[in-house]
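Q: Just so it is clear, I am handing over my_file_8.json, which has JSON, C-alpha atoms.
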```
[["chain", "number", "residue", "atom", "x", "y", "z"],
["A", 1, "MET", "CA", -1.55, 25.94, -13.41],
["A", 2, "THR", "CA", -3.88, 22.97, -13.56],
["A", 3, "THR", "CA", -6.45, 22.21, -16.26],
["A", 4, "CYS", "CA", -10.03, 21.48, -15.25],
["A", 5, "ASP", "CA", -11.01, 17.99, -16.44],
["A", 6, "VAL", "CA", -14.49, 19.21, -17.45],
["A", 7, "CYS", "CA", -14.12, 22.57, -19.17],
["A", 8, "GLY", "CA", -10.37, 22.73, -19.76],
["A", 9, "LYS", "CA", -10.06, 26.04, -17.89],
["A", 10, "GLN", "CA", -6.66, 26.82, -16.33],
["A", 11, "THR", "CA", -6.85, 27.38, -12.56],
["A", 12, "ASN", "CA", -4.28, 28.21, -9.89],
["A", 13, "MET", "CA", -6.41, 26.70, -7.12],
["A", 14, "PRO", "CA", -7.76, 23.39, -8.41],
["A", 15, "TYR", "CA", -10.10, 21.14, -6.49],
["A", 16, "HIS", "CA", -8.95, 17.49, -6.37],
["A", 17, "CYS", "CA", -11.80, 15.02, -5.89],
["A", 18, "ASN", "CA", -10.78, 12.28, -3.46],
["A", 19, "HIS", "CA", -13.17, 9.80, -5.03],
["A", 20, "CYS", "CA", -12.60, 9.99, -8.78],
["A", 21, "GLY", "CA", -9.14, 11.58, -8.70],
["A", 22, "GLY", "CA", -10.02, 14.41, -11.05],
["A", 23, "SER", "CA", -8.87, 18.05, -10.91],
["A", 24, "PHE", "CA", -11.53, 20.74, -11.35],
["A", 25, "CYS", "CA", -12.10, 24.48, -11.32],
["A", 26, "ALA", "CA", -14.37, 26.16, -8.77],
["A", 27, "GLU", "CA", -17.36, 25.86, -11.09],
["A", 28, "HIS", "CA", -17.04, 22.09, -11.44],
["A", 29, "ARG", "CA", -15.65, 21.18, -8.02],
["A", 30, "LEU", "CA", -18.92, 19.76, -6.69],
["A", 31, "PRO", "CA", -19.50, 16.03, -7.43],
["A", 32, "GLU", "CA", -22.75, 16.71, -9.28],
["A", 33, "ASN", "CA", -21.06, 19.35, -11.44],
["A", 34, "HIS", "CA", -18.33, 17.03, -12.74],
["A", 35, "ASP", "CA", -20.49, 13.91, -12.93],
["A", 36, "CYS", "CA", -18.44, 12.08, -10.31],
["A", 37, "PRO", "CA", -18.92, 8.28, -10.57],
["A", 38, "GLY", "CA", -19.25, 8.22, -6.78],
["A", 39, "LEU", "CA", -22.71, 9.77, -7.12],
["A", 40, "ASN", "CA", -23.99, 6.45, -8.42],
["A", 41, "GLU", "CA", -23.03, 4.83, -5.11],
["A", 42, "TRP", "CA", -24.19, 7.71, -2.92],
["A", 43, "ASN", "CA", -27.06, 6.60, -0.71],
["A", 44, "ASP", "CA", -26.44, 8.73, 2.36],
["A", 45, "PRO", "CA", -29.60, 10.43, 3.69],
["A", 46, "GLY", "CA", -27.41, 12.73, 5.77],
["A", 47, "GLY", "CA", -26.50, 14.69, 2.66],
["A", 48, "VAL", "CA", -22.71, 14.47, 2.99],
["A", 49, "PHE", "CA", -20.68, 13.28, 0.02],
["A", 50, "ASP", "CA", -18.15, 10.75, 1.31],
["A", 51, "SER", "CA", -14.48, 10.47, 0.35],
["A", 52, "GLY", "CA", -14.53, 6.70, 0.22],
["A", 53, "PHE", "CA", -13.32, 5.82, 3.74],
["A", 54, "ASP", "CA", -16.71, 5.39, 5.42],
["A", 55, "ASP", "CA", -18.67, 2.41, 4.14],
["A", 56, "SER", "CA", -21.87, 3.71, 5.72],
["A", 57, "VAL", "CA", -22.35, 6.00, 2.72],
["A", 58, "SER", "CA", -23.04, 3.11, 0.39],
["A", 59, "THR", "CA", -24.91, 1.00, 2.92],
["A", 60, "GLY", "CA", -26.96, 3.58, 4.85],
["A", 61, "SER", "CA", -30.77, 3.72, 4.70],
["A", 62, "GLN", "CA", -33.58, 6.10, 5.56],
["A", 63, "SER", "CA", -34.42, 4.18, 8.73],
["A", 64, "GLY", "CA", -31.01, 4.79, 10.26],
["A", 65, "SER", "CA", -30.89, 1.17, 11.42],
["A", 66, "SER", "CA", -28.33, 0.28, 8.80],
["A", 67, "LYS", "CA", -25.06, 1.61, 10.18],
["A", 68, "SER", "CA", -21.43, 0.82, 9.57],
["A", 69, "LEU", "CA", -19.62, -1.45, 12.00],
["A", 70, "LEU", "CA", -17.56, 1.50, 13.27],
["A", 71, "GLU", "CA", -20.71, 3.49, 14.04],
["A", 72, "ARG", "CA", -22.22, 0.56, 15.91],
["A", 73, "ILE", "CA", -19.26, 0.40, 18.28],
["A", 74, "GLY", "CA", -19.43, 4.14, 18.91],
["A", 75, "ILE", "CA", -16.76, 5.51, 16.55],
["A", 76, "ASP", "CA", -17.85, 8.59, 14.61],
["A", 77, "THR", "CA", -16.96, 8.14, 10.94],
["A", 78, "GLY", "CA", -18.59, 11.34, 9.72],
["A", 79, "PRO", "CA", -16.88, 14.61, 8.80],
["A", 80, "GLY", "CA", -15.19, 16.05, 11.89],
["A", 81, "GLY", "CA", -15.46, 12.70, 13.67],
["A", 82, "THR", "CA", -12.79, 10.47, 15.14],
["A", 83, "LEU", "CA", -11.66, 9.08, 11.79],
["A", 84, "ALA", "CA", -12.07, 12.28, 9.78],
["A", 85, "TYR", "CA", -8.31, 12.91, 9.63],
["A", 86, "PHE", "CA", -7.64, 9.54, 8.01],
["A", 87, "ARG", "CA", -9.81, 10.31, 4.98],
["A", 88, "GLY", "CA", -7.38, 10.72, 2.11],
["A", 89, "ASN", "CA", -4.37, 10.21, 4.38],
["A", 90, "MET", "CA", -4.04, 6.44, 4.82],
["A", 91, "THR", "CA", -0.89, 6.40, 2.68],
["A", 92, "TYR", "CA", 0.80, 8.58, 5.29],
["A", 93, "VAL", "CA", -0.66, 6.52, 8.14],
["A", 94, "PHE", "CA", 0.89, 3.35, 6.72],
["A", 95, "LEU", "CA", 4.23, 5.08, 6.20],
["A", 96, "ILE", "CA", 4.21, 6.27, 9.80],
["A", 97, "LEU", "CA", 3.37, 2.77, 11.02],
["A", 98, "MET", "CA", 6.30, 1.42, 8.98],
["A", 99, "ALA", "CA", 8.66, 3.93, 10.61],
["A", 100, "VAL", "CA", 7.35, 3.28, 14.12],
["A", 101, "THR", "CA", 7.56, -0.49, 13.67],
["A", 102, "PHE", "CA", 11.11, -0.28, 12.32],
["A", 103, "PHE", "CA", 12.13, 1.85, 15.31],
["A", 104, "ALA", "CA", 10.53, -0.72, 17.65],
["A", 105, "GLN", "CA", 12.47, -3.50, 15.90],
["A", 106, "GLU", "CA", 15.79, -1.75, 16.36],
["A", 107, "LEU", "CA", 15.01, -0.84, 19.97],
["A", 108, "PHE", "CA", 14.01, -4.43, 20.76],
["A", 109, "LYS", "CA", 17.25, -5.78, 19.29],
["A", 110, "ALA", "CA", 19.40, -3.16, 21.01],
["A", 111, "LEU", "CA", 17.92, -3.64, 24.48],
["A", 112, "LEU", "CA", 16.91, -7.29, 24.62],
["A", 113, "VAL", "CA", 18.88, -9.25, 22.04],
["A", 114, "ASP", "CA", 22.64, -9.74, 22.25],
["A", 115, "PHE", "CA", 24.90, -11.00, 19.46],
["A", 116, "GLU", "CA", 28.48, -12.15, 19.26],
["A", 117, "VAL", "CA", 30.77, -13.40, 16.52],
["A", 118, "ARG", "CA", 31.51, -17.11, 16.61],
["A", 119, "ALA", "CA", 33.68, -18.73, 13.95],
["A", 120, "GLY", "CA", 33.22, -15.69, 11.76],
["A", 121, "ARG", "CA", 29.41, -15.75, 12.03],
["A", 122, "LEU", "CA", 27.03, -13.49, 13.94],
["A", 123, "VAL", "CA", 25.20, -15.61, 16.53],
["A", 124, "THR", "CA", 22.61, -14.55, 19.10],
["A", 125, "THR", "CA", 23.44, -15.24, 22.73],
["A", 126, "THR", "CA", 19.83, -14.66, 23.82],
["A", 127, "PRO", "CA", 17.84, -17.16, 21.72],
["A", 128, "VAL", "CA", 14.66, -16.85, 23.80],
["A", 129, "MET", "CA", 14.45, -13.11, 23.20],
["A", 130, "TRP", "CA", 15.33, -13.59, 19.53],
["A", 131, "ASP", "CA", 12.49, -16.08, 19.16],
["A", 132, "LEU", "CA", 10.16, -13.54, 20.78],
["A", 133, "TYR", "CA", 11.37, -10.89, 18.36],
["A", 134, "GLN", "CA", 10.65, -13.17, 15.42],
["A", 135, "ALA", "CA", 7.20, -14.01, 16.78],
["A", 136, "ILE", "CA", 6.31, -10.31, 16.99],
["A", 137, "PHE", "CA", 7.77, -8.84, 13.81],
["A", 138, "THR", "CA", 8.14, -11.59, 11.21],
["A", 139, "LEU", "CA", 5.93, -14.06, 9.39],
["A", 140, "GLN", "CA", 7.50, -17.50, 9.83],
["A", 141, "PRO", "CA", 6.95, -20.70, 7.85],
["A", 142, "GLY", "CA", 6.99, -22.63, 11.12],
["A", 143, "HIS", "CA", 4.28, -20.48, 12.70],
["A", 144, "PRO", "CA", 1.74, -19.40, 10.06],
["A", 145, "ALA", "CA", -1.01, -19.54, 12.71],
["A", 146, "TYR", "CA", 0.45, -16.45, 14.41],
["A", 147, "VAL", "CA", -2.25, -14.32, 12.80],
["A", 148, "TRP", "CA", -0.93, -11.00, 14.11],
["A", 149, "THR", "CA", 2.29, -11.53, 12.13],
["A", 150, "TRP", "CA", 0.29, -11.53, 8.90],
["A", 151, "PHE", "CA", 0.08, -7.77, 9.43],
["A", 152, "THR", "CA", 2.98, -6.81, 11.73],
["A", 153, "SER", "CA", 5.35, -8.35, 9.18],
["A", 154, "ILE", "CA", 4.04, -5.92, 6.54],
["A", 155, "PHE", "CA", 5.29, -2.94, 8.55],
["A", 156, "SER", "CA", 8.56, -4.59, 9.66],
["A", 157, "HIS", "CA", 11.71, -4.31, 7.54],
["A", 158, "ALA", "CA", 15.15, -5.88, 7.36],
["A", 159, "GLY", "CA", 17.15, -2.66, 7.19],
["A", 160, "ILE", "CA", 17.33, 0.99, 6.19],
["A", 161, "SER", "CA", 17.57, 0.32, 2.45],
["A", 162, "HIS", "CA", 14.63, -2.10, 2.61],
["A", 163, "ILE", "CA", 12.25, 0.35, 4.29],
["A", 164, "PHE", "CA", 13.55, 3.25, 2.18],
["A", 165, "VAL", "CA", 12.77, 1.60, -1.17],
["A", 166, "ASN", "CA", 9.34, 0.39, -0.07],
["A", 167, "GLY", "CA", 8.62, 3.78, 1.48],
["A", 168, "ILE", "CA", 9.49, 5.62, -1.75],
["A", 169, "VAL", "CA", 7.16, 3.42, -3.81],
["A", 170, "ILE", "CA", 4.29, 3.73, -1.32],
["A", 171, "PHE", "CA", 4.76, 7.47, -0.85],
["A", 172, "PHE", "CA", 4.61, 8.39, -4.53],
["A", 173, "PHE", "CA", 2.26, 5.73, -5.88],
["A", 174, "GLY", "CA", 0.08, 5.10, -2.83],
["A", 175, "ARG", "CA", -1.28, 8.64, -2.82],
["A", 176, "LEU", "CA", -2.48, 8.25, -6.40],
["A", 177, "VAL", "CA", -4.17, 4.91, -5.80],
["A", 178, "GLU", "CA", -5.80, 6.19, -2.62],
["A", 179, "ARG", "CA", -7.12, 9.18, -4.56],
["A", 180, "TYR", "CA", -8.53, 6.89, -7.24],
["A", 181, "VAL", "CA", -10.24, 4.26, -5.09],
["A", 182, "GLY", "CA", -10.81, 6.02, -1.74],
["A", 183, "SER", "CA", -9.15, 5.52, 1.63],
["A", 184, "ARG", "CA", -11.26, 2.56, 2.72],
["A", 185, "ASP", "CA", -10.61, 0.46, -0.37],
["A", 186, "PHE", "CA", -6.96, 1.51, -0.44],
["A", 187, "SER", "CA", -6.53, 0.34, 3.16],
["A", 188, "LEU", "CA", -8.11, -3.02, 2.37],
["A", 189, "LEU", "CA", -5.91, -3.38, -0.70],
["A", 190, "PHE", "CA", -2.74, -2.53, 1.21],
["A", 191, "LEU", "CA", -3.34, -4.84, 4.16],
["A", 192, "GLY", "CA", -4.93, -7.64, 2.15],
["A", 193, "SER", "CA", -2.26, -7.77, -0.55],
["A", 194, "GLY", "CA", 0.55, -7.52, 2.02],
["A", 195, "ALA", "CA", -0.85, -10.40, 4.08],
["A", 196, "VAL", "CA", -1.66, -12.66, 1.09],
["A", 197, "ALA", "CA", 1.75, -12.00, -0.47],
["A", 198, "GLY", "CA", 3.51, -12.94, 2.76],
["A", 199, "LEU", "CA", 1.43, -16.09, 3.26],
["A", 200, "GLY", "CA", 2.03, -17.09, -0.35],
["A", 201, "GLN", "CA", 5.77, -16.65, 0.14],
["A", 202, "ILE", "CA", 5.93, -18.89, 3.21],
["A", 203, "ALA", "CA", 3.72, -21.50, 1.50],
["A", 204, "ILE", "CA", 6.30, -21.75, -1.28],
["A", 205, "MET", "CA", 9.16, -21.84, 1.23],
["A", 206, "LEU", "CA", 7.46, -24.65, 3.16],
["A", 207, "PHE", "CA", 7.29, -26.61, -0.09],
["A", 208, "GLN", "CA", 10.99, -25.91, -0.66],
["A", 209, "GLY", "CA", 11.95, -26.74, 2.92],
["A", 210, "ASN", "CA", 13.11, -23.17, 3.63],
["A", 211, "ALA", "CA", 12.57, -21.80, 7.15],
["A", 212, "ALA", "CA", 13.54, -18.13, 6.62],
["A", 213, "PRO", "CA", 11.13, -15.55, 8.07],
["A", 214, "VAL", "CA", 9.35, -13.04, 5.82],
["A", 215, "LEU", "CA", 8.91, -9.33, 6.44],
["A", 216, "GLY", "CA", 8.41, -6.09, 4.55],
["A", 217, "ALA", "CA", 5.75, -4.09, 2.69],
["A", 218, "SER", "CA", 7.02, -5.14, -0.75],
["A", 219, "GLY", "CA", 3.91, -7.17, -1.55],
["A", 220, "ALA", "CA", 1.65, -4.22, -0.76],
["A", 221, "ALA", "CA", 3.94, -1.80, -2.64],
["A", 222, "LEU", "CA", 3.91, -4.00, -5.75],
["A", 223, "ALA", "CA", 0.11, -4.30, -5.49],
["A", 224, "ILE", "CA", -0.10, -0.50, -5.60],
["A", 225, "MET", "CA", 2.13, -0.48, -8.67],
["A", 226, "GLY", "CA", -0.07, -3.13, -10.27],
["A", 227, "VAL", "CA", -3.17, -0.97, -9.83],
["A", 228, "LEU", "CA", -1.47, 2.04, -11.43],
["A", 229, "THR", "CA", -0.17, -0.11, -14.29],
["A", 230, "ILE", "CA", -3.77, -0.89, -15.23],
["A", 231, "LEU", "CA", -5.31, 2.50, -14.51],
["A", 232, "ASN", "CA", -2.55, 4.64, -16.01],
["A", 233, "PRO", "CA", 0.00, 2.52, -17.92],
["A", 234, "GLY", "CA", 1.66, 5.58, -19.45],
["A", 235, "LEU", "CA", 2.51, 7.15, -16.09],
["A", 236, "ARG", "CA", 6.15, 8.27, -16.26],
["A", 237, "VAL", "CA", 8.37, 7.00, -13.45],
["A", 238, "TYR", "CA", 11.90, 8.24, -12.88],
["A", 239, "LEU", "CA", 13.88, 5.09, -12.10],
["A", 240, "TYR", "CA", 16.57, 5.93, -9.54],
["A", 241, "PHE", "CA", 15.31, 9.52, -9.89],
["A", 242, "ILE", "CA", 17.08, 9.74, -13.28],
["A", 243, "ILE", "CA", 15.79, 7.39, -16.00],
["A", 244, "PRO", "CA", 12.23, 8.14, -17.23],
["A", 245, "VAL", "CA", 10.24, 5.01, -18.05],
["A", 246, "PRO", "CA", 6.49, 4.31, -18.34],
["A", 247, "ILE", "CA", 5.16, 2.36, -15.41],
["A", 248, "TRP", "CA", 4.05, -0.54, -17.63],
["A", 249, "LEU", "CA", 7.65, -1.10, -18.70],
["A", 250, "LEU", "CA", 8.87, -0.92, -15.11],
["A", 251, "THR", "CA", 6.25, -3.49, -14.12],
["A", 252, "ILE", "CA", 7.34, -5.88, -16.88],
["A", 253, "GLY", "CA", 10.95, -5.46, -15.77],
["A", 254, "LEU", "CA", 10.07, -6.27, -12.16],
["A", 255, "VAL", "CA", 8.19, -9.38, -13.27],
["A", 256, "GLY", "CA", 11.24, -10.56, -15.19],
["A", 257, "ILE", "CA", 13.62, -9.87, -12.30],
["A", 258, "ASN", "CA", 11.45, -11.72, -9.79],
["A", 259, "VAL", "CA", 10.79, -14.69, -12.08],
["A", 260, "LEU", "CA", 14.53, -15.07, -12.59],
["A", 261, "GLY", "CA", 15.03, -14.68, -8.85],
["A", 262, "MET", "CA", 12.71, -17.57, -8.14],
["A", 263, "PHE", "CA", 15.02, -19.78, -10.21],
["A", 264, "GLY", "CA", 18.12, -18.68, -8.36],
["A", 265, "ALA", "CA", 19.24, -15.86, -10.66],
["A", 266, "GLY", "CA", 18.48, -13.08, -8.22],
["A", 267, "GLY", "CA", 19.94, -11.91, -4.93],
["A", 268, "GLN", "CA", 19.67, -13.99, -1.79],
["A", 269, "GLY", "CA", 17.00, -13.16, 0.75],
["A", 270, "VAL", "CA", 14.55, -11.57, -1.70],
["A", 271, "ALA", "CA", 10.87, -12.55, -1.44],
["A", 272, "ASN", "CA", 10.35, -12.95, -5.18],
["A", 273, "ALA", "CA", 7.12, -14.91, -4.82],
["A", 274, "ALA", "CA", 5.65, -12.28, -2.49],
["A", 275, "HIS", "CA", 6.47, -9.58, -5.03],
["A", 276, "LEU", "CA", 4.78, -11.45, -7.86],
["A", 277, "ILE", "CA", 1.73, -12.30, -5.74],
["A", 278, "GLY", "CA", 1.33, -8.68, -4.64],
["A", 279, "LEU", "CA", 1.73, -7.43, -8.19],
["A", 280, "ALA", "CA", -0.84, -9.96, -9.46],
["A", 281, "ILE", "CA", -3.34, -8.81, -6.82],
["A", 282, "GLY", "CA", -2.82, -5.18, -7.86],
["A", 283, "LEU", "CA", -3.24, -5.95, -11.55],
["A", 284, "ALA", "CA", -6.44, -7.90, -10.88],
["A", 285, "TYR", "CA", -7.85, -5.17, -8.64],
["A", 286, "GLY", "CA", -6.96, -2.47, -11.16],
["A", 287, "GLN", "CA", -8.79, -4.39, -13.86],
["A", 288, "HIS", "CA", -11.78, -4.74, -11.52],
["A", 289, "VAL", "CA", -12.12, -1.02, -10.81],
["A", 290, "ARG", "CA", -10.91, 0.55, -14.04],
["A", 291, "ASP", "CA", -14.43, 1.02, -15.45],
["A", 292, "ARG", "CA", -15.59, 3.03, -12.44],
["A", 293, "ILE", "CA", -12.48, 5.16, -11.98],
["A", 294, "ARG", "CA", -12.32, 8.50, -13.77],
["A", 295, "LEU", "CA", -8.71, 9.48, -14.42],
["A", 296, "PRO", "CA", -7.55, 13.11, -14.47],
["A", 297, "ASN", "CA", -5.92, 14.59, -17.56],
["A", 298, "GLN", "CA", -2.66, 15.11, -15.71],
["A", 299, "LEU", "CA", -0.95, 13.74, -12.62],
["A", 300, "GLN", "CA", 1.16, 15.51, -10.04],
["A", 301, "LEU", "CA", 3.44, 13.41, -7.85],
["A", 302, "GLY", "CA", 4.89, 16.15, -5.68],
["A", 303, "GLY", "CA", 8.59, 16.92, -6.30],
["A", 304, "GLY", "CA", 8.11, 16.78, -10.05],
["A", 305, "GLY", "CA", 6.36, 13.43, -10.04],
["A", 306, "ARG", "CA", 9.48, 11.33, -9.67],
["A", 307, "GLY", "CA", 9.37, 8.04, -7.85],
["A", 308, "PRO", "CA", 11.46, 4.91, -8.39],
["A", 309, "GLY", "CA", 10.11, 1.45, -7.92],
["A", 310, "GLY", "CA", 11.91, -1.60, -6.63],
["A", 311, "PRO", "CA", 11.63, -4.86, -4.76],
["A", 312, "GLY", "CA", 12.00, -5.40, -1.05],
["A", 313, "GLY", "CA", 13.35, -8.39, 0.82],
["A", 314, "ARG", "CA", 12.95, -11.17, 3.30],
["A", 315, "GLY", "CA", 15.05, -13.35, 5.52],
["A", 316, "PRO", "CA", 16.89, -13.19, 8.83],
["A", 317, "PHE", "CA", 19.13, -10.22, 9.62]]
```
Take the structure in this file and express it as structure tokens.

A:
Amino acid sequence: MTTCDVCGKQTNMPYHCNHCGGSFCAEHRLPENHDCPGLNEWNDPGGVFDSGFDDSVSTGSQSGSSKSLLERIGIDTGPGGTLAYFRGNMTYVFLILMAVTFFAQELFKALLVDFEVRAGRLVTTTPVMWDLYQAIFTLQPGHPAYVWTWFTSIFSHAGISHIFVNGIVIFFFGRLVERYVGSRDFSLLFLGSGAVAGLGQIAIMLFQGNAAPVLGASGAALAIMGVLTILNPGLRVYLYFIIPVPIWLLTIGLVGINVLGMFGAGGQGVANAAHLIGLAIGLAYGQHVRDRIRLPNQLQLGGGGRGPGGPGGRGPF
């Protein structure tokens, strides 16, 4: 049973608003009936309340001449259009892209890159193909101008444990943030924080004279955690699926771990700076939107609402 955020009525079939994140009974499911904050930004003459993915809702006009960029290039962003499926589902889209990219990484290495052990160390015997692999999947201090790697590196990962931890964080927390801010803003947050975190990491490594490549969605995952820390600091998180802690405490712990890691107290090959940059972006964004986000009285994270958080990694394989 879920409690309606307006009248407090218990309902077996709640309506979850994709814009404000609230849960409502049938009587208050319409935006105008639960005073959805999205109504203040609604300027769509077509009469369709948007979920937050299509920016034409807030920029449209009566003349019809003011259209979103996607509409101008012929992509239907309305309900039932080409992008209709992605409304409210960008968390899953990013998770699928992570899985597909990781599979492509492993396939590339298996088919085109050969390794052998020399003097107890794993060395590639196909350096040209290895360089190509790095140029496709990783963000490198020596090649920051490879703009595509700003984003491909977000979806690439160094191993099963790396993608698993980031995937868990994004799966449980990403859905909440997407529900709060809308799919469009969530997508911009995810890609923007991931790219800025990676670029910040290689900037620090260039200063330190380190040439290790950077990859992983840790910066974006920590940005998502930062947003939730501001919007719902009391959210209970089950660390390692066992230990219940509020998300604000988990965030403070991650800050401490990564700060220590930057001074050599953490594990090797961990992008501590990227984690801190991503988290800072999330905290700042959460502070920016907190006044226009209406939080529900209760949260449901699937499977009992349990989701551990944790850092990702960087470096060569």

Q: Would you list the residues near (4.0, -0.2, 9.6), meaning any protein, DNA or RNA residue with an atom at most 9 Å from that point in file coordinates, counting all atoms listed in the file, as a short mmCIF file (atom, residue, chain, number, x, y, z; two decimals) with C-alpha atoms, in the frame of the given file?

A:
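Below is the file that was written, result08.cif:
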```
data_model
loop_
_atom_site.label_atom_id
_atom_site.label_comp_id
_atom_site.auth_asym_id
_atom_site.auth_seq_id
_atom_site.Cartn_x
_atom_site.Cartn_y
_atom_site.Cartn_z
CA VAL A 93 -0.66 6.52 8.14
CA PHE A 94 0.89 3.35 6.72
CA LEU A 95 4.23 5.08 6.20
CA ILE A 96 4.21 6.27 9.80
CA LEU A 97 3.37 2.77 11.02
CA MET A 98 6.30 1.42 8.98
CA ALA A 99 8.66 3.93 10.61
CA VAL A 100 7.35 3.28 14.12
CA THR A 101 7.56 -0.49 13.67
CA PHE A 102 11.11 -0.28 12.32
CA PHE A 151 0.08 -7.77 9.43
CA THR A 152 2.98 -6.81 11.73
CA SER A 153 5.35 -8.35 9.18
CA ILE A 154 4.04 -5.92 6.54
CA PHE A 155 5.29 -2.94 8.55
CA SER A 156 8.56 -4.59 9.66
CA HIS A 157 11.71 -4.31 7.54
CA GLY A 216 8.41 -6.09 4.55
CA ALA A 217 5.75 -4.09 2.69
#
```

Q: Interatomic distance between atom CA of Gly261 of chain A and atom CA of Tyr240 of chain A?

A: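 Those two atoms sit 20.7 Å apart.
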
Q: As an exercise, work out the distance from atom CA of Ser161 of chain A to atom CA of Ala104 of chain A in Å and give it to one decimal place.

A: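 Atom-to-atom, atom CA of Ser161 of chain A and atom CA of Ala104 of chain A are spaced 16.8 Å apart.
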
Q: Neighbours of Ile281 of chain A within 6 Å (only C-alpha atoms; same-chain residues fewer than 3 positions away dropped), as JSON, numbers by chain?

A: {"A": [223, 278, 284]}

Q: Please compute the atom CA of Pro244 of chain A-atom CA of Leu276 of chain A distance, one decimal, in Å.

A: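 Atom-to-atom, atom CA of Pro244 of chain A and atom CA of Leu276 of chain A are spaced 23.0 Å apart.
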
Q: Set the distance at 10 Å and use all atoms listed in the file: which residues neighbour Leu250 of chain A once local chain neighbours fewer than 3 positions away are removed? I'd like the list as a PyMOL selection string.

A: chain A and resi 225+229+233+236-239+244-247+253-256+308-310

Q: Do a neighbour search on Ala274 of chain A at 7 Å with all atoms listed in the file, toss out local chain neighbours closer than 4 positions, and write the hits as a list in words.

A: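 Once the adjacent positions are removed, what remains is Ala197, Gly198, Gly200, Gln201, Gly219 and Gly278 of chain A.
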
Q: If we count all atoms listed in the file and set the cut-off at 12 Å, which residues sit around His288 of chain A, ignoring sequence neighbours fewer than 4 positions away in its own chain? Please answer as a VMD selection string.

A: chain A and resid 181 226 to 227 230 to 231 281 to 284 292 to 293
